[in-house]
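Asks: What follows is a structure written as structure tokens; I'll ask about it next.
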Amino acid sequence: MILILAATATGVAAVIVLTALGNGARQFVVNQFSSMGSNLVIALPGRNETTGGPPPMFGSTPRDLTLNDALALKSAAGVARLSPVVIGTGPVSRGSMSRDTPIVGTTAELQRIRDLEVAQGKFLPAGDPRRAVAVALLGHTLKQEIFGDAVAVGEWIRIQDRRFRVIGVLQEQGNSFDLDWNEIVVVPVATAQQLFNTQTIFRVLMTQREGSDLPELKQELHRIIAQRHDGEDDITILSQDSLMKTFDKVFNALTMALAAIAGVSLIVAGILIMNVMLVSVSQRTGEVGLLKALGATKRQILLLFLNEALLLSLGGAIVGLLLGITGSALVRQLYPTIPAYAPEWAIFGGVSIALSSGLLFGWLPARRAAELDPVIALMGSK
Amino acid sequence: MIELTDISRHFTMGDQTVRALDQINLTINPGEYISLMGPSGSGKSTLLNLIGLLDTASSGRYLFDRQDTTDMTDHKLAELRGRHIGFVFQSFHLIPRLSAADNVMMPMTLAGIDIAQRRERVTKLLQRFGIADRADHRPSELSGGQRQRVAIARAMVMQPSLILADEPTGNLDQRSGKEVVEQLEALNRDGITLIVVTHDDDLGQRAQRQIKLVDGQIVSDSGASEPMGIDHLLA
Ligand SMILES: Nc1ncnc2c1ncn2[C@@H]1O[C@H](COP(=O)(O)OP(=O)(O)OP(=O)(O)O)[C@@H](O)[C@H]1O
Ligand SMILES: [Mg+2]
């Protein structure tokens, strides 16, 4: 009895909590993407190979996406803003204090692309991105660690063995899923390339001009690179909607898989129901025989036992529903950034699978009871 | 009312066949009080179960209320049992989870009678059988005699025309056994046909008509059924 209730309840609760988690994770990622701005387009070096097969024999050497390549993308009609980004880590120090910090090399336009607010001083100066100026902005936390409450703007710091003048401090930033902007140093892109001794650009962030066509823009970007790379259009272009679609697919699949796993536990609960009901039928043969003597039809006996199976699974489903909803609420309480709400289909699905497995697996014992020979049933229980 | 013609009931167990009833011919008229006696294994219960439509014959013809029961559906048989026949068993067969009142009510519940009418009839019957103050008690809280009275009330609740009692006093002491028998006889005086299976000669002698079974055959039948039938028609 209790076992059945517990098994069914666990199954239903599992369906709800697991799908809530899957759904929450998906929503979390979607939210992060939307916070990036819906018109963001990202170019990264290397072709996104979607088809398999061996690499071609000639002309396959991957080319760097250079700063000039990145800047050339600006000529595409659909690009409103563009900012190349180089990312690495290195020691940032002042006096005897030193710590390893993520270093972002970029240009003035990033401020508008990522909506970065400056608390003190200024963001990177506009001007030729190819000039390696030794200036730096500090993330909020990093500034506190190096300078405490003292004024940082105008002071000097060291990145690796080069001196940089601090020109600004970023405002404290909320959570962002790509980088912790509170912990970083921002320098001009060309300077970062020198620091990391690289020609390559890590990412090119662009915003799409309003009213322009996204597929057209993507085509144009590919064409520009192909032109500059002797016909090889070896960049990958991501846009928010394509990323989101991919993530959506992955997370939906994940949610379904979790639901399926939890659903299996409901089948197990159904089998438990069947066994307990079979025992109950054999314990109550006398009662069944009596009911038949009192005029009960086969149908009535069948319905009686099906009702019991249904009640058991309904009880389990209700307990499970409450547990599942409380469980997801608990998850939301513990991880406020994850909106762990079970999708409606999972709630209805969980409950209805519980009920139908109760009916399905209750059928056999109920059938057995209905078919009992009343004389033998009455005799057996004397 | 009840007419058995060449009724046989065989049980096959492995390669052995038991002839529990062998070519029984029997007519029972409305309002009769019959005792069914005979040694153990002679087929008394088997005959009673057949008459009660709980079992079906291997061969022969059984008319219940002028209707041939041979080819009746399970559903029809259940309906006839529920509406026209009341059973009283040696071991009471009360449902342990239910109160006395709910046990008595059960046949009406199965027949789909509305709750107000159910309550009214149950209250009346419990009063008639002197167990009104035990209405809410479970069977385990009742004495054997009280349990059998609950069972008789239950057998009566659908106002049947026939009561079948298989050793109704078998599990009772002499005094409560006597009370139970008197109550069954009172029902018979009200016009209900009563068939009692018993091992007890004294009890058997109380019936107007005594039938004795040996090895599945009727070896003696005190009652001339024809005159009684005419009596009844004249009455
Ligand atoms: N379901 C069954 N399967 C096989 N044999 C059965 C079955 N029911 C009854 N019998 C046999 O039929 C015969 C008559 O049985 P029945 O129960 O009618 O006897 P009885 O006269 O009621 O005996 P008792 O006085 O002991 O109750 C017995 O030999 C019994 O073993
Ligand atoms: Mg018997």
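Starting from 1 in every chain, residues are counted up; chains themselves are A, B, ... following the order of the structure tokens, and ligands are numbered from 1 as listed.
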Got a sec: who's within 8 Å of region 20-25 of chain B, counting only C-alpha atoms, leaving out chain neighbours fewer than 6 positions off, as an mmCIF file with N, CA, C and O atoms, in the first residue's frame?

Replies:
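File produced: out.cif:
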```cif
data_model
loop_
_atom_site.group_PDB
_atom_site.id
_atom_site.type_symbol
_atom_site.label_atom_id
_atom_site.label_comp_id
_atom_site.auth_asym_id
_atom_site.auth_seq_id
_atom_site.Cartn_x
_atom_site.Cartn_y
_atom_site.Cartn_z
ATOM 1 N N GLU B 3 -37.576 -25.984 -10.624
ATOM 2 C CA GLU B 3 -37.796 -27.285 -11.239
ATOM 3 C C GLU B 3 -36.479 -27.808 -11.806
ATOM 4 O O GLU B 3 -35.942 -27.253 -12.759
ATOM 5 N N LEU B 4 -35.974 -28.879 -11.156
ATOM 6 C CA LEU B 4 -34.743 -29.495 -11.643
ATOM 7 C C LEU B 4 -35.109 -30.782 -12.370
ATOM 8 O O LEU B 4 -35.842 -31.617 -11.836
ATOM 9 N N THR B 5 -34.619 -30.938 -13.592
ATOM 10 C CA THR B 5 -34.892 -32.147 -14.354
ATOM 11 C C THR B 5 -33.583 -32.810 -14.758
ATOM 12 O O THR B 5 -32.774 -32.197 -15.468
ATOM 13 N N ASP B 6 -33.369 -34.033 -14.283
ATOM 14 C CA ASP B 6 -32.164 -34.811 -14.637
ATOM 15 C C ASP B 6 -30.877 -34.024 -14.439
ATOM 16 O O ASP B 6 -29.975 -34.065 -15.284
ATOM 17 N N ILE B 7 -30.801 -33.332 -13.330
ATOM 18 C CA ILE B 7 -29.617 -32.491 -13.093
ATOM 19 C C ILE B 7 -28.450 -33.326 -12.579
ATOM 20 O O ILE B 7 -28.587 -34.063 -11.601
ATOM 21 N N SER B 8 -27.312 -33.219 -13.275
ATOM 22 C CA SER B 8 -26.083 -33.856 -12.791
ATOM 23 C C SER B 8 -24.989 -32.806 -12.705
ATOM 24 O O SER B 8 -24.992 -31.829 -13.458
ATOM 25 N N ARG B 9 -24.102 -33.010 -11.749
ATOM 26 C CA ARG B 9 -22.939 -32.114 -11.642
ATOM 27 C C ARG B 9 -21.726 -32.988 -11.412
ATOM 28 O O ARG B 9 -21.632 -33.681 -10.403
ATOM 29 N N HIS B 10 -20.823 -32.964 -12.391
ATOM 30 C CA HIS B 10 -19.606 -33.776 -12.291
ATOM 31 C C HIS B 10 -18.406 -32.875 -12.120
ATOM 32 O O HIS B 10 -18.334 -31.807 -12.722
ATOM 33 N N PHE B 11 -17.497 -33.307 -11.281
ATOM 34 C CA PHE B 11 -16.217 -32.599 -11.164
ATOM 35 C C PHE B 11 -15.129 -33.511 -11.681
ATOM 36 O O PHE B 11 -15.068 -34.678 -11.304
ATOM 37 N N GLY B 41 -20.187 -35.025 1.932
ATOM 38 C CA GLY B 41 -19.784 -35.373 0.571
ATOM 39 C C GLY B 41 -20.914 -35.909 -0.281
ATOM 40 O O GLY B 41 -20.694 -36.346 -1.404
ATOM 41 N N SER B 42 -22.132 -35.856 0.243
ATOM 42 C CA SER B 42 -23.260 -36.428 -0.505
ATOM 43 C C SER B 42 -23.783 -35.472 -1.579
ATOM 44 O O SER B 42 -24.596 -35.861 -2.408
ATOM 45 N N GLY B 43 -23.340 -34.215 -1.558
ATOM 46 C CA GLY B 43 -23.717 -33.287 -2.624
ATOM 47 C C GLY B 43 -24.693 -32.200 -2.198
ATOM 48 O O GLY B 43 -25.237 -31.491 -3.042
ATOM 49 N N THR B 46 -23.417 -28.730 -3.116
ATOM 50 C CA THR B 46 -23.410 -28.624 -4.571
ATOM 51 C C THR B 46 -24.814 -28.348 -5.092
ATOM 52 O O THR B 46 -25.021 -27.471 -5.942
ATOM 53 N N LEU B 47 -25.795 -29.061 -4.522
ATOM 54 C CA LEU B 47 -27.184 -28.856 -4.938
ATOM 55 C C LEU B 47 -27.650 -27.439 -4.588
ATOM 56 O O LEU B 47 -28.282 -26.746 -5.398
ATOM 57 N N GLY B 60 -28.688 -31.552 -17.680
ATOM 58 C CA GLY B 60 -30.015 -31.402 -17.099
ATOM 59 C C GLY B 60 -30.559 -30.007 -17.319
ATOM 60 O O GLY B 60 -29.888 -29.149 -17.906
ATOM 61 N N ASP B 215 -24.657 -39.954 -1.929
ATOM 62 C CA ASP B 215 -23.867 -40.103 -3.161
ATOM 63 C C ASP B 215 -24.468 -39.384 -4.365
ATOM 64 O O ASP B 215 -24.533 -39.930 -5.470
ATOM 65 N N GLY B 216 -24.927 -38.180 -4.126
ATOM 66 C CA GLY B 216 -25.413 -37.376 -5.243
ATOM 67 C C GLY B 216 -26.800 -37.737 -5.738
ATOM 68 O O GLY B 216 -27.222 -37.247 -6.777
ATOM 69 N N GLN B 217 -27.484 -38.597 -4.984
ATOM 70 C CA GLN B 217 -28.839 -38.955 -5.409
ATOM 71 C C GLN B 217 -29.816 -38.734 -4.257
ATOM 72 O O GLN B 217 -29.460 -38.881 -3.088
ATOM 73 N N ILE B 218 -31.052 -38.391 -4.613
ATOM 74 C CA ILE B 218 -32.073 -38.213 -3.592
ATOM 75 C C ILE B 218 -32.577 -39.596 -3.187
ATOM 76 O O ILE B 218 -33.098 -40.348 -4.020
#
```

Asks: Could you please extract the residues within 10 Å of ligand 1, counting only C-alpha atoms and all ligand atoms, and hand them back as a tab-separated table (two decimals) with all heavy atoms, in the first residue's frame?

Replies:
```
chain	number	residue	atom	x	y	z
A	373	ASP	N	-14.56	-18.21	-9.87
A	373	ASP	CA	-15.76	-19.03	-9.72
A	373	ASP	C	-16.29	-18.81	-8.30
A	373	ASP	O	-15.58	-19.06	-7.33
A	373	ASP	CB	-15.37	-20.50	-9.94
A	373	ASP	CG	-16.54	-21.45	-9.75
A	373	ASP	OD1	-17.50	-21.07	-9.04
A	373	ASP	OD2	-16.49	-22.56	-10.29
A	375	VAL	N	-18.34	-20.36	-6.32
A	375	VAL	CA	-18.40	-21.50	-5.41
A	375	VAL	C	-17.02	-21.77	-4.83
A	375	VAL	O	-16.84	-21.89	-3.61
A	375	VAL	CB	-18.93	-22.75	-6.14
A	375	VAL	CG1	-18.86	-23.95	-5.21
A	375	VAL	CG2	-20.35	-22.52	-6.61
A	376	ILE	N	-16.02	-21.81	-5.71
A	376	ILE	CA	-14.67	-22.09	-5.25
A	376	ILE	C	-14.16	-20.95	-4.38
A	376	ILE	O	-13.52	-21.16	-3.35
A	376	ILE	CB	-13.74	-22.32	-6.48
A	376	ILE	CG1	-14.17	-23.61	-7.17
A	376	ILE	CG2	-12.29	-22.40	-6.04
A	376	ILE	CD1	-13.45	-23.87	-8.47
A	377	ALA	N	-14.50	-19.71	-4.79
A	377	ALA	CA	-14.05	-18.56	-4.02
A	377	ALA	C	-14.63	-18.58	-2.61
A	377	ALA	O	-13.93	-18.31	-1.64
A	377	ALA	CB	-14.47	-17.27	-4.73
A	379	MET	N	-15.70	-21.30	-1.03
A	379	MET	CA	-15.17	-22.47	-0.35
A	379	MET	C	-13.78	-22.20	0.21
A	379	MET	O	-13.49	-22.52	1.35
A	379	MET	CB	-15.09	-23.63	-1.34
A	379	MET	CG	-15.79	-24.87	-0.88
A	379	MET	SD	-16.04	-26.04	-2.23
A	379	MET	CE	-14.46	-26.04	-3.07
A	380	GLY	N	-12.96	-21.56	-0.63
A	380	GLY	CA	-11.56	-21.34	-0.28
A	380	GLY	C	-11.37	-20.49	0.96
A	380	GLY	O	-10.30	-20.49	1.55
B	9	ARG	N	-24.10	-33.01	-11.75
B	9	ARG	CA	-22.94	-32.11	-11.64
B	9	ARG	C	-21.73	-32.99	-11.41
B	9	ARG	O	-21.63	-33.68	-10.40
B	9	ARG	CB	-23.13	-31.13	-10.48
B	9	ARG	CG	-21.94	-30.18	-10.28
B	9	ARG	CD	-21.82	-29.22	-11.44
B	9	ARG	NE	-20.89	-28.12	-11.16
B	9	ARG	CZ	-19.68	-28.00	-11.72
B	9	ARG	NH1	-19.26	-28.93	-12.56
B	9	ARG	NH2	-18.92	-26.96	-11.44
B	10	HIS	N	-20.82	-32.96	-12.39
B	10	HIS	CA	-19.61	-33.78	-12.29
B	10	HIS	C	-18.41	-32.87	-12.12
B	10	HIS	O	-18.33	-31.81	-12.72
B	10	HIS	CB	-19.43	-34.63	-13.56
B	10	HIS	CG	-20.56	-35.57	-13.80
B	10	HIS	ND1	-20.75	-36.24	-14.98
B	10	HIS	CD2	-21.59	-35.96	-12.99
B	10	HIS	CE1	-21.84	-36.99	-14.91
B	10	HIS	NE2	-22.36	-36.83	-13.71
B	11	PHE	N	-17.50	-33.31	-11.28
B	11	PHE	CA	-16.22	-32.60	-11.16
B	11	PHE	C	-15.13	-33.51	-11.68
B	11	PHE	O	-15.07	-34.68	-11.30
B	11	PHE	CB	-15.92	-32.23	-9.71
B	11	PHE	CG	-16.89	-31.24	-9.14
B	11	PHE	CD1	-17.88	-31.65	-8.25
B	11	PHE	CD2	-16.80	-29.90	-9.48
B	11	PHE	CE1	-18.77	-30.73	-7.72
B	11	PHE	CE2	-17.69	-28.98	-8.94
B	11	PHE	CZ	-18.68	-29.39	-8.06
B	12	THR	N	-14.30	-32.98	-12.53
B	12	THR	CA	-13.19	-33.79	-13.03
B	12	THR	C	-11.90	-33.31	-12.38
B	12	THR	O	-11.58	-32.12	-12.42
B	12	THR	CB	-13.07	-33.66	-14.56
B	12	THR	OG1	-14.38	-33.79	-15.11
B	12	THR	CG2	-12.17	-34.72	-15.13
B	13	MET	N	-11.23	-34.22	-11.73
B	13	MET	CA	-9.94	-33.88	-11.12
B	13	MET	C	-8.92	-34.88	-11.63
B	13	MET	O	-8.94	-36.04	-11.24
B	13	MET	CB	-10.04	-33.91	-9.60
B	13	MET	CG	-11.06	-32.91	-9.08
B	13	MET	SD	-11.21	-32.94	-7.31
B	13	MET	CE	-9.71	-32.14	-6.82
B	16	GLN	N	-9.89	-38.52	-12.62
B	16	GLN	CA	-11.03	-38.98	-11.82
B	16	GLN	C	-12.23	-38.06	-12.00
B	16	GLN	O	-12.08	-36.85	-12.06
B	16	GLN	CB	-10.65	-39.00	-10.34
B	16	GLN	CG	-9.93	-40.29	-9.94
B	16	GLN	CD	-9.92	-40.46	-8.45
B	16	GLN	OE1	-9.95	-39.48	-7.72
B	16	GLN	NE2	-9.87	-41.70	-8.00
B	17	THR	N	-13.40	-38.67	-12.10
B	17	THR	CA	-14.61	-37.87	-12.19
B	17	THR	C	-15.47	-38.13	-10.95
B	17	THR	O	-15.78	-39.28	-10.62
B	17	THR	CB	-15.40	-38.23	-13.45
B	17	THR	OG1	-14.57	-37.97	-14.58
B	17	THR	CG2	-16.65	-37.37	-13.56
B	18	VAL	N	-15.79	-37.03	-10.25
B	18	VAL	CA	-16.67	-37.16	-9.09
B	18	VAL	C	-18.08	-36.77	-9.51
B	18	VAL	O	-18.30	-35.69	-10.04
B	18	VAL	CB	-16.18	-36.22	-7.95
B	18	VAL	CG1	-17.10	-36.35	-6.73
B	18	VAL	CG2	-14.75	-36.52	-7.58
B	19	ARG	N	-19.02	-37.67	-9.29
B	19	ARG	CA	-20.41	-37.34	-9.58
B	19	ARG	C	-21.03	-36.77	-8.32
B	19	ARG	O	-21.61	-37.48	-7.51
B	19	ARG	CB	-21.18	-38.59	-10.01
B	19	ARG	CG	-20.70	-39.13	-11.33
B	19	ARG	CD	-21.16	-40.57	-11.51
B	19	ARG	NE	-20.79	-41.00	-12.86
B	19	ARG	CZ	-21.68	-41.26	-13.81
B	19	ARG	NH1	-22.97	-41.14	-13.57
B	19	ARG	NH2	-21.27	-41.62	-15.01
B	20	ALA	N	-20.90	-35.48	-8.16
B	20	ALA	CA	-21.40	-34.82	-6.95
B	20	ALA	C	-22.92	-34.84	-6.94
B	20	ALA	O	-23.54	-34.99	-5.89
B	20	ALA	CB	-20.88	-33.39	-6.87
B	21	LEU	N	-23.54	-34.69	-8.09
B	21	LEU	CA	-25.00	-34.82	-8.22
B	21	LEU	C	-25.26	-35.71	-9.42
B	21	LEU	O	-24.63	-35.59	-10.46
B	21	LEU	CB	-25.67	-33.46	-8.44
B	21	LEU	CG	-25.60	-32.47	-7.28
B	21	LEU	CD1	-26.23	-31.15	-7.69
B	21	LEU	CD2	-26.29	-33.03	-6.04
B	36	LEU	N	-32.30	-30.16	3.85
B	36	LEU	CA	-31.50	-30.99	2.95
B	36	LEU	C	-30.48	-31.69	3.83
B	36	LEU	O	-29.64	-31.04	4.46
B	36	LEU	CB	-30.83	-30.08	1.93
B	36	LEU	CG	-30.52	-30.60	0.53
B	36	LEU	CD1	-31.77	-31.19	-0.11
B	36	LEU	CD2	-29.99	-29.46	-0.33
B	37	MET	N	-30.56	-33.01	3.90
B	37	MET	CA	-29.65	-33.74	4.79
B	37	MET	C	-28.91	-34.82	4.03
B	37	MET	O	-29.24	-35.13	2.89
B	37	MET	CB	-30.44	-34.30	5.97
B	37	MET	CG	-30.99	-33.19	6.87
B	37	MET	SD	-31.60	-33.78	8.44
B	37	MET	CE	-33.09	-34.57	7.93
B	38	GLY	N	-27.97	-35.43	4.74
B	38	GLY	CA	-27.20	-36.50	4.12
B	38	GLY	C	-25.77	-36.46	4.62
B	38	GLY	O	-25.33	-35.46	5.18
B	39	PRO	N	-25.06	-37.56	4.42
B	39	PRO	CA	-23.68	-37.61	4.92
B	39	PRO	C	-22.77	-36.61	4.21
B	39	PRO	O	-23.12	-36.07	3.16
B	39	PRO	CB	-23.25	-39.05	4.60
B	39	PRO	CG	-24.20	-39.54	3.56
B	39	PRO	CD	-25.47	-38.80	3.74
B	40	SER	N	-21.64	-36.41	4.81
B	40	SER	CA	-20.67	-35.48	4.24
B	40	SER	C	-20.25	-35.95	2.85
B	40	SER	O	-20.01	-37.14	2.64
B	40	SER	CB	-19.45	-35.40	5.16
B	40	SER	OG	-18.61	-34.37	4.76
B	41	GLY	N	-20.19	-35.03	1.93
B	41	GLY	CA	-19.78	-35.37	0.57
B	41	GLY	C	-20.91	-35.91	-0.28
B	41	GLY	O	-20.69	-36.35	-1.40
B	42	SER	N	-22.13	-35.86	0.24
B	42	SER	CA	-23.26	-36.43	-0.51
B	42	SER	C	-23.78	-35.47	-1.58
B	42	SER	O	-24.60	-35.86	-2.41
B	42	SER	CB	-24.39	-36.80	0.46
B	42	SER	OG	-24.79	-35.66	1.19
B	43	GLY	N	-23.34	-34.22	-1.56
B	43	GLY	CA	-23.72	-33.29	-2.62
B	43	GLY	C	-24.69	-32.20	-2.20
B	43	GLY	O	-25.24	-31.49	-3.04
B	44	LYS	N	-24.87	-32.03	-0.88
B	44	LYS	CA	-25.85	-31.04	-0.39
B	44	LYS	C	-25.47	-29.62	-0.82
B	44	LYS	O	-26.29	-28.87	-1.37
B	44	LYS	CB	-25.94	-31.11	1.15
B	44	LYS	CG	-26.27	-32.49	1.69
B	44	LYS	CD	-26.37	-32.49	3.20
B	44	LYS	CE	-25.06	-32.19	3.91
B	44	LYS	NZ	-24.04	-33.25	3.75
B	45	SER	N	-24.22	-29.27	-0.55
B	45	SER	CA	-23.78	-27.91	-0.89
B	45	SER	C	-23.81	-27.70	-2.40
B	45	SER	O	-24.19	-26.63	-2.89
B	45	SER	CB	-22.37	-27.65	-0.37
B	45	SER	OG	-22.37	-27.71	1.04
B	46	THR	N	-23.42	-28.73	-3.12
B	46	THR	CA	-23.41	-28.62	-4.57
B	46	THR	C	-24.81	-28.35	-5.09
B	46	THR	O	-25.02	-27.47	-5.94
B	46	THR	CB	-22.86	-29.92	-5.20
B	46	THR	OG1	-21.57	-30.17	-4.63
B	46	THR	CG2	-22.73	-29.79	-6.70
B	47	LEU	N	-25.80	-29.06	-4.52
B	47	LEU	CA	-27.18	-28.86	-4.94
B	47	LEU	C	-27.65	-27.44	-4.59
B	47	LEU	O	-28.28	-26.75	-5.40
B	47	LEU	CB	-28.09	-29.90	-4.27
B	47	LEU	CG	-29.57	-29.82	-4.63
B	47	LEU	CD1	-29.78	-29.91	-6.14
B	47	LEU	CD2	-30.37	-30.92	-3.91
B	48	LEU	N	-27.28	-27.01	-3.37
B	48	LEU	CA	-27.70	-25.68	-2.93
B	48	LEU	C	-27.09	-24.59	-3.83
B	48	LEU	O	-27.77	-23.63	-4.21
B	48	LEU	CB	-27.28	-25.47	-1.48
B	48	LEU	CG	-28.12	-24.47	-0.70
B	48	LEU	CD1	-29.52	-25.01	-0.48
B	48	LEU	CD2	-27.47	-24.11	0.62
B	49	ASN	N	-25.81	-24.77	-4.19
B	49	ASN	CA	-25.15	-23.79	-5.05
B	49	ASN	C	-25.78	-23.74	-6.44
B	49	ASN	O	-25.89	-22.67	-7.04
B	49	ASN	CB	-23.66	-24.11	-5.18
B	49	ASN	CG	-22.92	-23.84	-3.88
B	49	ASN	OD1	-23.34	-22.99	-3.09
B	49	ASN	ND2	-21.84	-24.56	-3.65
B	50	LEU	N	-26.20	-24.92	-6.92
B	50	LEU	CA	-26.88	-24.95	-8.22
B	50	LEU	C	-28.21	-24.22	-8.16
B	50	LEU	O	-28.52	-23.40	-9.03
B	50	LEU	CB	-27.11	-26.40	-8.64
B	50	LEU	CG	-25.99	-27.07	-9.42
B	50	LEU	CD1	-26.24	-28.56	-9.53
B	50	LEU	CD2	-25.93	-26.45	-10.83
B	55	ASP	N	-23.58	-21.93	-9.35
B	55	ASP	CA	-22.90	-22.98	-10.08
B	55	ASP	C	-23.84	-23.43	-11.20
B	55	ASP	O	-25.05	-23.18	-11.14
B	55	ASP	CB	-22.63	-24.16	-9.12
B	55	ASP	CG	-21.58	-25.12	-9.67
B	55	ASP	OD1	-20.99	-24.82	-10.74
B	55	ASP	OD2	-21.35	-26.16	-9.03
B	90	GLN	N	-22.52	-20.95	6.62
B	90	GLN	CA	-22.06	-21.43	7.91
B	90	GLN	C	-21.07	-20.46	8.55
B	90	GLN	O	-21.14	-20.16	9.73
B	90	GLN	CB	-21.39	-22.80	7.73
B	90	GLN	CG	-20.83	-23.37	9.02
B	90	GLN	CD	-20.27	-24.78	8.81
B	90	GLN	OE1	-20.31	-25.31	7.70
B	90	GLN	NE2	-19.78	-25.37	9.87
B	166	ASP	N	-26.74	-22.77	4.13
B	166	ASP	CA	-25.87	-23.96	4.17
B	166	ASP	C	-25.29	-24.08	5.58
B	166	ASP	O	-24.36	-23.36	5.93
B	166	ASP	CB	-24.76	-23.83	3.12
B	166	ASP	CG	-24.10	-25.18	2.84
B	166	ASP	OD1	-24.30	-26.12	3.64
B	166	ASP	OD2	-23.40	-25.28	1.82
B	167	GLU	N	-25.85	-24.99	6.35
B	167	GLU	CA	-25.45	-25.21	7.74
B	167	GLU	C	-25.35	-23.90	8.52
B	167	GLU	O	-24.29	-23.56	9.04
B	167	GLU	CB	-24.14	-25.97	7.80
B	167	GLU	CG	-24.30	-27.34	7.14
B	167	GLU	CD	-23.05	-28.20	7.23
B	167	GLU	OE1	-22.37	-28.11	8.26
B	167	GLU	OE2	-22.78	-28.94	6.27
B	197	VAL	N	-29.60	-26.57	4.61
B	197	VAL	CA	-28.75	-27.76	4.64
B	197	VAL	C	-28.31	-27.96	6.08
B	197	VAL	O	-27.87	-27.00	6.72
B	197	VAL	CB	-27.51	-27.58	3.73
B	197	VAL	CG1	-26.50	-28.68	3.99
B	197	VAL	CG2	-27.92	-27.58	2.27
B	198	THR	N	-28.44	-29.16	6.59
B	198	THR	CA	-28.02	-29.37	7.98
B	198	THR	C	-27.59	-30.81	8.24
B	198	THR	O	-28.01	-31.75	7.55
B	198	THR	CB	-29.14	-28.96	8.96
B	198	THR	OG1	-28.64	-29.11	10.28
B	198	THR	CG2	-30.38	-29.82	8.77
B	199	HIS	N	-26.73	-30.98	9.22
B	199	HIS	CA	-26.34	-32.30	9.70
B	199	HIS	C	-27.16	-32.67	10.93
B	199	HIS	O	-27.09	-33.79	11.41
B	199	HIS	CB	-24.86	-32.28	10.11
B	199	HIS	CG	-23.95	-32.50	8.96
B	199	HIS	ND1	-22.99	-31.58	8.59
B	199	HIS	CD2	-23.85	-33.52	8.08
B	199	HIS	CE1	-22.36	-32.03	7.53
B	199	HIS	NE2	-22.85	-33.21	7.20
B	213	LEU	N	-30.00	-36.82	0.77
B	213	LEU	CA	-29.09	-37.12	-0.35
B	213	LEU	C	-28.07	-38.16	0.10
B	213	LEU	O	-27.56	-38.08	1.21
B	213	LEU	CB	-28.33	-35.86	-0.76
B	213	LEU	CG	-28.98	-34.84	-1.70
B	213	LEU	CD1	-28.02	-33.67	-1.89
B	213	LEU	CD2	-29.31	-35.46	-3.03
B	214	VAL	N	-27.77	-39.10	-0.78
B	214	VAL	CA	-26.63	-40.00	-0.57
B	214	VAL	C	-25.94	-40.18	-1.93
B	214	VAL	O	-26.61	-40.49	-2.92
B	214	VAL	CB	-27.08	-41.37	-0.01
B	214	VAL	CG1	-25.87	-42.32	0.04
B	214	VAL	CG2	-27.69	-41.22	1.37
B	215	ASP	N	-24.66	-39.95	-1.93
B	215	ASP	CA	-23.87	-40.10	-3.16
B	215	ASP	C	-24.47	-39.38	-4.37
B	215	ASP	O	-24.53	-39.93	-5.47
B	215	ASP	CB	-23.70	-41.58	-3.51
B	215	ASP	CG	-22.73	-42.26	-2.56
B	215	ASP	OD1	-21.94	-41.50	-1.92
B	215	ASP	OD2	-22.76	-43.48	-2.46
B	216	GLY	N	-24.93	-38.18	-4.13
B	216	GLY	CA	-25.41	-37.38	-5.24
B	216	GLY	C	-26.80	-37.74	-5.74
B	216	GLY	O	-27.22	-37.25	-6.78
```

Asks: Select, from B:Asp68, B:Ala151, B:Ser59, B:Glu120, the residue with the minimum atom-to-atom distance to chain A, counting only C-alpha atoms.

Replies: B:Ala151

Asks: As a list in words, please: the residues near Gly177 (chain B) (cut-off 12 Å, only C-alpha atoms, same-chain neighbours under 5 positions excluded).

Replies: Gln90, Ser143, Gly144, Gly145, Gln146, Arg147, Gln148, Arg149, Glu167, Pro168, Thr169, Gly170, Asn171, Leu172, Glu182, Gln183, Leu184, Thr198, Asp200, Asp202 and Leu203 of chain B

Asks: Looking at only C-alpha atoms and all ligand atoms, which of B:Met156, B:Ala132, B:Val196, B:Ala207 is the one that sits closest to ligand 2?

Replies: B:Val196

Asks: Which one is closest to ligand 2: B:Phe89, B:Arg138, B:Met108, B:Ala116? Count only C-alpha atoms and all ligand atoms.

Replies: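 Using only C-alpha atoms and all ligand atoms, the shortest distance to ligand 2 belongs to B:Phe89.
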
Asks: With a distance threshold of 10 Å and counting only C-alpha atoms, extract the residues of chain B near chain A and express them as a count of residues only.

Replies: 39

Asks: Per DSSP on the backbone, what are the strand (DSSP E) residues of region 37-218 of chain B, as a PyMOL selection string?

Replies: chain B and resi 37+59-64+67-68+85-89+162-166+193-197+209-214+217-218

Asks: If I take CA of Asn23 (chain A) and CA of Thr255 (chain A), how far is one from the other in Å, to one decimal?

Replies: 6.4 Å

Asks: Would you list, as a PyMOL selection string, the residues of chain B that end up in helix (DSSP H, G or I) under DSSP run on this structure's backbone?

Replies: chain B and resi 44-51+74-84+100-111+115-128+132-134+139-141+144-156+174-189+201-206+225-234

Asks: Of the candidates B:Ala186, B:Ala165, B:Gly191, B:Tyr33, which one gets nearest to ligand 2 if we count only C-alpha atoms and all ligand atoms?

Replies: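 When distances to ligand 2 are compared using only C-alpha atoms and all ligand atoms, the smallest one comes from B:Ala165.
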
Asks: What's the 10 Å shell around His137 (chain B), counting only C-alpha atoms, without same-chain residues fewer than 5 positions away, as a ChimeraX atom specification?

Replies: /B:98-102,131,142
